[in-house]
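Visitor: Right, I'll just put the structure down here and ask away after.
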Amino acid sequence: MADAVVADLREEGPPDRLDLNADLGEGFGVWRLTDDEALLGLVTSANVACGFHAGDPATMRRTCEHAVRLGVRIGAQVSYRDLAGFGRRRIDMDPADLRDDVTYQLGALDAFARVAGDRVRYVKPHGALYNTIVADEDQAQAVVDAVRGYDATLPVLGLPGSVWLRQAAAAGLVTVGEAFADRAYTPAGTLVSRRSPGAVLDDPDAVVARGVRMATEGTVLSEQGTPVRILARSLCVHGDTPGAVEVVRRLRQALHDAGVALSPFC
């Protein structure tokens, strides 16, 4: 964990090694959203749904077992309690309730990770919670309190420059900046709302090119075409993006060809 990069390091260059992550375990019951097994063969870290926006006990167990078998790090992807909205609707929660919901999710996934022979290695908020705590100090602090109370050694992923990562660092947590190869950015370095056209990139060539640029130059072009400095130690491709397996396979090869070494951050 000592080599994890604190999120807001905008004065430095891209890291020598990069983590490649994807959101996994997002099925529910007999319904499968992603090809978890195929993606686990390509990524270095897996953000596993903990049952609040997606996932169920059997899915969590199965995903953790595959991750351990392949040497992929298991991360808890915590969210609002919003199965119907896939965790992409903001909920105005009391901070204490949010803290307890996050703690509950951490414990649930950690149990299955330990049964599989490992443990939860890091925490990444999902969807609306991820975007809300970019700026919402109360909700960000609630998530910080949950992680610190459960296991203060767990690194946390988030958007570089966010309130969430600043508060986490102030609380003594290891913070890791994350970039998204398949999402559009605003000129301020935040993610374009999914309600806006073009918020999610569906052109594999564009996703691969963007990911390589992020990894080698530490920049991304905003929706307005302006370069944005956004340094990150972990690069994400969403598992529910159409054709995600082939996109991640191509991105992994392109990063290798560009001399970018892939390895978990923890």
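Following the order of the structure tokens, first chain is A, next is B, and so on, with residues numbered from 1 inside each chain and ligands from 1 in the order they appear.
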Which of region 50-259 of chain A end up as strand (DSSP E or B) when DSSP is run on this backbone - answer as a PyMOL selection string?

Guide: chain A and resi 73-78+122-125+156-158+175-180+183+185+191+200+219-221+227-229+234-236

Visitor: Please tabulate, as a tab-separated table, the residues of region 155-213 of chain A that come within 12 Å of region 241-250 of chain A, each with its closest pair of atoms and the distance in Å to one decimal, counting only C-alpha atoms and ordering rows by chain, then residue number upward.

Guide:
```
residue	atom	partner	partner_atom	distance
A:Phe180	CA	A:Thr241	CA	11.9
A:Ala181	CA	A:Val248	CA	9.8
A:Asp182	CA	A:Thr241	CA	8.1
A:Arg183	CA	A:Thr241	CA	10.2
A:Ala199	CA	A:Thr241	CA	11.8
A:Val200	CA	A:Thr241	CA	8.1
A:Leu201	CA	A:Thr241	CA	8.5
A:Asp202	CA	A:Pro242	CA	7.0
A:Asp203	CA	A:Val247	CA	9.0
A:Pro204	CA	A:Val247	CA	5.7
A:Asp205	CA	A:Val247	CA	8.3
A:Ala206	CA	A:Val247	CA	9.9
A:Val207	CA	A:Val247	CA	7.5
A:Val208	CA	A:Arg250	CA	6.8
A:Ala209	CA	A:Arg250	CA	10.0
A:Arg210	CA	A:Val247	CA	11.8
A:Gly211	CA	A:Val248	CA	9.9
A:Val212	CA	A:Arg250	CA	10.7
```

Visitor: Which residues are close to Thr153 (chain A), i.e. within 8 Å by only C-alpha atoms, leaving aside same-chain residues fewer than 3 positions away? Reply as an mmCIF file with N, CA and C atoms, in the first residue's frame.

Guide:
```cif
data_model
loop_
_atom_site.group_PDB
_atom_site.id
_atom_site.type_symbol
_atom_site.label_atom_id
_atom_site.label_comp_id
_atom_site.auth_asym_id
_atom_site.auth_seq_id
_atom_site.Cartn_x
_atom_site.Cartn_y
_atom_site.Cartn_z
ATOM 1 N N ARG A 148 -12.846 4.133 7.815
ATOM 2 C CA ARG A 148 -11.910 4.240 8.934
ATOM 3 C C ARG A 148 -12.357 3.368 10.109
ATOM 4 N N LEU A 173 -6.347 7.946 5.677
ATOM 5 C CA LEU A 173 -6.532 6.844 4.738
ATOM 6 C C LEU A 173 -5.621 7.017 3.521
ATOM 7 N N VAL A 174 -5.232 5.911 2.927
ATOM 8 C CA VAL A 174 -4.470 5.950 1.683
ATOM 9 C C VAL A 174 -5.444 6.242 0.545
#
```

Visitor: Just the residues within 12 Å of Gly161 (chain A), please, counting only C-alpha atoms, with nothing from its chain fewer than 3 positions along; format it as a list in words.

Guide: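 Near neighbours after the sequence-gap exclusion: Val6, Ala7, Asp8, Leu9, Arg10, Ile133, Val134, Ala135, Leu157, Gly158, Trp164, Leu165, Arg166, Gln167, Ala168, Ala169, Thr175, Val176, Gly177, Glu178, Ala179, Ala188, Gly189, Thr190, Arg229, Ile230, Leu231 and Ala232 of chain A.
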
Visitor: Store the residues picked out above, limited to N, CA and C atoms, as a short mmCIF file (atom, residue, chain, number, x, y, z; two decimals), in the first residue's frame.

Guide:
```cif
data_model
loop_
_atom_site.label_atom_id
_atom_site.label_comp_id
_atom_site.auth_asym_id
_atom_site.auth_seq_id
_atom_site.Cartn_x
_atom_site.Cartn_y
_atom_site.Cartn_z
N VAL A 6 -1.28 9.39 -3.71
CA VAL A 6 -2.32 10.27 -3.21
C VAL A 6 -2.95 10.98 -4.38
N ALA A 7 -4.27 11.11 -4.34
CA ALA A 7 -5.04 11.47 -5.53
C ALA A 7 -4.62 12.75 -6.21
N ASP A 8 -4.50 13.84 -5.47
CA ASP A 8 -4.39 15.14 -6.12
C ASP A 8 -2.94 15.53 -6.35
N LEU A 9 -2.22 14.72 -7.12
CA LEU A 9 -0.82 15.01 -7.42
C LEU A 9 -0.71 15.58 -8.83
N ARG A 10 -1.26 16.76 -9.02
CA ARG A 10 -1.35 17.32 -10.35
C ARG A 10 -0.03 17.91 -10.84
N ILE A 133 -20.07 12.53 -3.63
CA ILE A 133 -19.02 12.86 -2.66
C ILE A 133 -17.81 13.52 -3.31
N VAL A 134 -17.92 13.81 -4.59
CA VAL A 134 -16.91 14.69 -5.19
C VAL A 134 -16.97 16.06 -4.53
N ALA A 135 -18.20 16.49 -4.16
CA ALA A 135 -18.35 17.84 -3.60
C ALA A 135 -19.11 17.90 -2.28
N LEU A 157 -10.51 4.59 -3.54
CA LEU A 157 -10.44 5.14 -4.90
C LEU A 157 -11.41 6.28 -5.05
N GLY A 158 -11.03 7.25 -5.88
CA GLY A 158 -11.95 8.34 -6.17
C GLY A 158 -11.40 9.28 -7.21
N TRP A 164 -14.05 13.94 -1.33
CA TRP A 164 -13.94 12.59 -0.79
C TRP A 164 -12.48 12.20 -0.55
N LEU A 165 -11.63 12.39 -1.53
CA LEU A 165 -10.23 11.99 -1.34
C LEU A 165 -9.50 12.95 -0.41
N ARG A 166 -9.85 14.21 -0.43
CA ARG A 166 -9.21 15.15 0.50
C ARG A 166 -9.55 14.81 1.94
N GLN A 167 -10.82 14.51 2.20
CA GLN A 167 -11.22 14.18 3.57
C GLN A 167 -10.65 12.83 3.99
N ALA A 168 -10.58 11.90 3.05
CA ALA A 168 -10.00 10.60 3.36
C ALA A 168 -8.53 10.75 3.73
N ALA A 169 -7.79 11.54 2.97
CA ALA A 169 -6.38 11.76 3.28
C ALA A 169 -6.21 12.44 4.63
N THR A 175 -5.16 7.27 -0.24
CA THR A 175 -6.06 7.66 -1.32
C THR A 175 -5.42 7.39 -2.69
N VAL A 176 -6.23 6.94 -3.61
CA VAL A 176 -5.75 6.58 -4.95
C VAL A 176 -6.62 7.26 -5.99
N GLY A 177 -6.01 8.08 -6.82
CA GLY A 177 -6.74 8.76 -7.88
C GLY A 177 -7.11 7.79 -9.00
N GLU A 178 -8.30 7.98 -9.54
CA GLU A 178 -8.81 7.08 -10.58
C GLU A 178 -9.23 7.88 -11.81
N ALA A 179 -9.02 7.30 -12.97
CA ALA A 179 -9.48 7.89 -14.22
C ALA A 179 -10.36 6.88 -14.95
N ALA A 188 -13.60 20.99 -15.90
CA ALA A 188 -13.18 21.05 -14.50
C ALA A 188 -12.60 19.72 -14.01
N GLY A 189 -12.62 18.70 -14.86
CA GLY A 189 -12.06 17.41 -14.47
C GLY A 189 -13.05 16.49 -13.78
N THR A 190 -14.34 16.84 -13.79
CA THR A 190 -15.36 15.96 -13.25
C THR A 190 -16.02 15.17 -14.38
N ARG A 229 -5.75 18.09 -16.99
CA ARG A 229 -4.74 17.33 -16.27
C ARG A 229 -5.44 16.46 -15.24
N ILE A 230 -5.29 15.14 -15.33
CA ILE A 230 -5.97 14.25 -14.40
C ILE A 230 -5.10 13.01 -14.18
N LEU A 231 -4.21 13.09 -13.22
CA LEU A 231 -3.29 12.00 -12.94
C LEU A 231 -3.96 10.96 -12.07
N ALA A 232 -3.72 9.71 -12.37
CA ALA A 232 -4.37 8.63 -11.64
C ALA A 232 -3.46 7.42 -11.55
#
```

Visitor: Quote the spacing between CA of Pro125 (chain A) and CA of Val78 (chain A) in Å to one decimal place.

Guide: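 These atoms are spaced 4.8 Å apart.
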
Visitor: Provide the CA of Arg121 (chain A) to CA of Val228 (chain A) distance in Å, to one decimal place.

Guide: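 Separation of CA of Arg121 (chain A) and CA of Val228 (chain A): 29.6 Å.
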
Visitor: Can you tell me, as a tab-separated table (two decimals) with all heavy atoms, in the first residue's frame, what residues are no more than 9 Å from Ala261 (chain A) when counting only C-alpha atoms, ignoring any on the same chain fewer than 4 positions away?

Guide:
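Listing of part_15.tsv after writing:
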```
chain	number	residue	atom	x	y	z
A	16	ASP	N	4.62	5.21	-12.81
A	16	ASP	CA	5.37	4.23	-13.59
A	16	ASP	C	4.56	2.96	-13.82
A	16	ASP	O	4.74	2.27	-14.83
A	16	ASP	CB	6.67	3.87	-12.87
A	16	ASP	CG	7.63	5.05	-12.79
A	16	ASP	OD1	7.57	5.90	-13.68
A	16	ASP	OD2	8.40	5.11	-11.82
A	17	ARG	N	3.68	2.64	-12.88
A	17	ARG	CA	2.86	1.44	-12.99
A	17	ARG	C	1.40	1.83	-12.82
A	17	ARG	O	1.08	2.76	-12.08
A	17	ARG	CB	3.27	0.41	-11.95
A	17	ARG	CG	4.75	0.05	-11.99
A	17	ARG	CD	5.12	-1.01	-10.99
A	17	ARG	NE	4.60	-2.32	-11.37
A	17	ARG	CZ	5.19	-3.14	-12.22
A	17	ARG	NH1	6.32	-2.79	-12.81
A	17	ARG	NH2	4.68	-4.32	-12.51
A	18	LEU	N	0.53	1.11	-13.48
A	18	LEU	CA	-0.88	1.47	-13.49
A	18	LEU	C	-1.74	0.27	-13.13
A	18	LEU	O	-1.49	-0.85	-13.58
A	18	LEU	CB	-1.28	1.99	-14.88
A	18	LEU	CG	-2.67	2.59	-15.04
A	18	LEU	CD1	-2.74	3.93	-14.31
A	18	LEU	CD2	-2.99	2.77	-16.51
A	19	ASP	N	-2.76	0.52	-12.33
A	19	ASP	CA	-3.76	-0.49	-12.03
A	19	ASP	C	-4.88	-0.38	-13.05
A	19	ASP	O	-5.25	0.72	-13.47
A	19	ASP	CB	-4.30	-0.23	-10.61
A	19	ASP	CG	-5.46	-1.13	-10.25
A	19	ASP	OD1	-5.26	-2.36	-10.22
A	19	ASP	OD2	-6.56	-0.61	-9.98
A	255	LEU	N	-1.82	-0.57	-23.78
A	255	LEU	CA	-1.01	-0.06	-22.68
A	255	LEU	C	0.34	-0.77	-22.65
A	255	LEU	O	1.39	-0.14	-22.45
A	255	LEU	CB	-1.74	-0.25	-21.35
A	255	LEU	CG	-2.98	0.63	-21.13
A	255	LEU	CD1	-3.77	0.17	-19.92
A	255	LEU	CD2	-2.57	2.10	-20.96
A	256	HIS	N	0.32	-2.07	-22.86
A	256	HIS	CA	1.58	-2.83	-22.92
A	256	HIS	C	2.46	-2.32	-24.05
A	256	HIS	O	3.68	-2.11	-23.86
A	256	HIS	CB	1.27	-4.32	-23.13
A	256	HIS	CG	2.49	-5.17	-23.25
A	256	HIS	ND1	3.09	-5.44	-24.47
A	256	HIS	CD2	3.24	-5.81	-22.31
A	256	HIS	CE1	4.15	-6.19	-24.28
A	256	HIS	NE2	4.26	-6.45	-22.99
```

Visitor: With only C-alpha atoms as the atoms that count, which of A:Asn21, A:Ser196, A:Asp56, A:Val102 lies nearest to Leu42 (chain A)?

Guide: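 Ranked by minimum distance to Leu42 (chain A), first place goes to A:Asn21.
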
Visitor: Quick one, how far is CA of Phe52 (chain A) from CA of Tyr130 (chain A)?

Guide: 13.8 Å

Visitor: Within 8 Å of region 103-109 of chain A, counting only C-alpha atoms, which residues show up once you throw out same-chain ones fewer than 3 positions away? Write them as a PDB file with N, CA, C and O atoms, in the first residue's frame, please.

Guide:
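Everything below was put into result.pdb:
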```
ATOM      1  N   VAL A  48     -16.183  -4.930  -6.748  1.00  0.00           N
ATOM      2  CA  VAL A  48     -17.269  -5.902  -6.661  1.00  0.00           C
ATOM      3  C   VAL A  48     -18.483  -5.293  -5.973  1.00  0.00           C
ATOM      4  O   VAL A  48     -18.384  -4.766  -4.859  1.00  0.00           O
ATOM      5  N   CYS A  50     -21.709  -4.861  -3.817  1.00  0.00           N
ATOM      6  CA  CYS A  50     -21.920  -5.394  -2.467  1.00  0.00           C
ATOM      7  C   CYS A  50     -23.382  -5.621  -2.123  1.00  0.00           C
ATOM      8  O   CYS A  50     -23.730  -5.750  -0.942  1.00  0.00           O
ATOM      9  N   GLY A  51     -24.265  -5.642  -3.121  1.00  0.00           N
ATOM     10  CA  GLY A  51     -25.645  -5.979  -2.878  1.00  0.00           C
ATOM     11  C   GLY A  51     -26.612  -4.822  -2.792  1.00  0.00           C
ATOM     12  O   GLY A  51     -27.828  -5.044  -2.735  1.00  0.00           O
ATOM     13  N   PHE A  52     -26.124  -3.573  -2.788  1.00  0.00           N
ATOM     14  CA  PHE A  52     -27.026  -2.438  -2.641  1.00  0.00           C
ATOM     15  C   PHE A  52     -27.447  -1.834  -3.969  1.00  0.00           C
ATOM     16  O   PHE A  52     -28.565  -1.369  -4.115  1.00  0.00           O
ATOM     17  N   MET A  60     -21.621 -12.438  -5.167  1.00  0.00           N
ATOM     18  CA  MET A  60     -20.431 -11.977  -4.448  1.00  0.00           C
ATOM     19  C   MET A  60     -19.475 -13.129  -4.190  1.00  0.00           C
ATOM     20  O   MET A  60     -18.258 -13.004  -4.400  1.00  0.00           O
ATOM     21  N   ALA A  76     -14.323  -3.329  -2.543  1.00  0.00           N
ATOM     22  CA  ALA A  76     -15.744  -3.203  -2.233  1.00  0.00           C
ATOM     23  C   ALA A  76     -16.303  -1.986  -2.950  1.00  0.00           C
ATOM     24  O   ALA A  76     -15.882  -0.852  -2.683  1.00  0.00           O
ATOM     25  N   VAL A  78     -19.111   0.160  -2.920  1.00  0.00           N
ATOM     26  CA  VAL A  78     -20.237   0.507  -2.047  1.00  0.00           C
ATOM     27  C   VAL A  78     -21.106   1.561  -2.725  1.00  0.00           C
ATOM     28  O   VAL A  78     -20.631   2.357  -3.534  1.00  0.00           O
ATOM     29  N   ARG A  99     -23.181   6.112   6.663  1.00  0.00           N
ATOM     30  CA  ARG A  99     -22.019   5.450   7.277  1.00  0.00           C
ATOM     31  C   ARG A  99     -22.330   3.985   7.575  1.00  0.00           C
ATOM     32  O   ARG A  99     -21.550   3.090   7.260  1.00  0.00           O
ATOM     33  N   ASP A 100     -23.502   3.741   8.155  1.00  0.00           N
ATOM     34  CA  ASP A 100     -23.855   2.374   8.525  1.00  0.00           C
ATOM     35  C   ASP A 100     -24.119   1.503   7.301  1.00  0.00           C
ATOM     36  O   ASP A 100     -23.777   0.313   7.290  1.00  0.00           O
ATOM     37  N   PHE A 112     -17.265 -12.806   2.144  1.00  0.00           N
ATOM     38  CA  PHE A 112     -17.109 -13.697   0.996  1.00  0.00           C
ATOM     39  C   PHE A 112     -15.672 -13.705   0.481  1.00  0.00           C
ATOM     40  O   PHE A 112     -15.178 -14.744   0.026  1.00  0.00           O
ATOM     41  N   ALA A 113     -14.984 -12.565   0.567  1.00  0.00           N
ATOM     42  CA  ALA A 113     -13.580 -12.527   0.155  1.00  0.00           C
ATOM     43  C   ALA A 113     -12.735 -13.416   1.057  1.00  0.00           C
ATOM     44  O   ALA A 113     -11.844 -14.143   0.589  1.00  0.00           O
ATOM     45  N   VAL A 120     -11.178  -8.059   1.439  1.00  0.00           N
ATOM     46  CA  VAL A 120     -11.359  -6.795   0.724  1.00  0.00           C
ATOM     47  C   VAL A 120     -10.082  -5.988   0.856  1.00  0.00           C
ATOM     48  O   VAL A 120      -9.556  -5.810   1.955  1.00  0.00           O
ATOM     49  N   ALA A 146     -17.011   5.408   7.713  1.00  0.00           N
ATOM     50  CA  ALA A 146     -17.293   3.977   7.596  1.00  0.00           C
ATOM     51  C   ALA A 146     -16.018   3.195   7.321  1.00  0.00           C
ATOM     52  O   ALA A 146     -15.760   2.159   7.954  1.00  0.00           O
ATOM     53  N   VAL A 147     -15.210   3.666   6.377  1.00  0.00           N
ATOM     54  CA  VAL A 147     -13.975   2.958   6.030  1.00  0.00           C
ATOM     55  C   VAL A 147     -13.010   2.977   7.213  1.00  0.00           C
ATOM     56  O   VAL A 147     -12.440   1.935   7.577  1.00  0.00           O
ATOM     57  N   TYR A 150     -14.170   0.622   9.910  1.00  0.00           N
ATOM     58  CA  TYR A 150     -14.091  -0.808   9.576  1.00  0.00           C
ATOM     59  C   TYR A 150     -12.647  -1.280   9.494  1.00  0.00           C
ATOM     60  O   TYR A 150     -12.261  -2.273  10.105  1.00  0.00           O
TER      61      TYR A 150
END
```
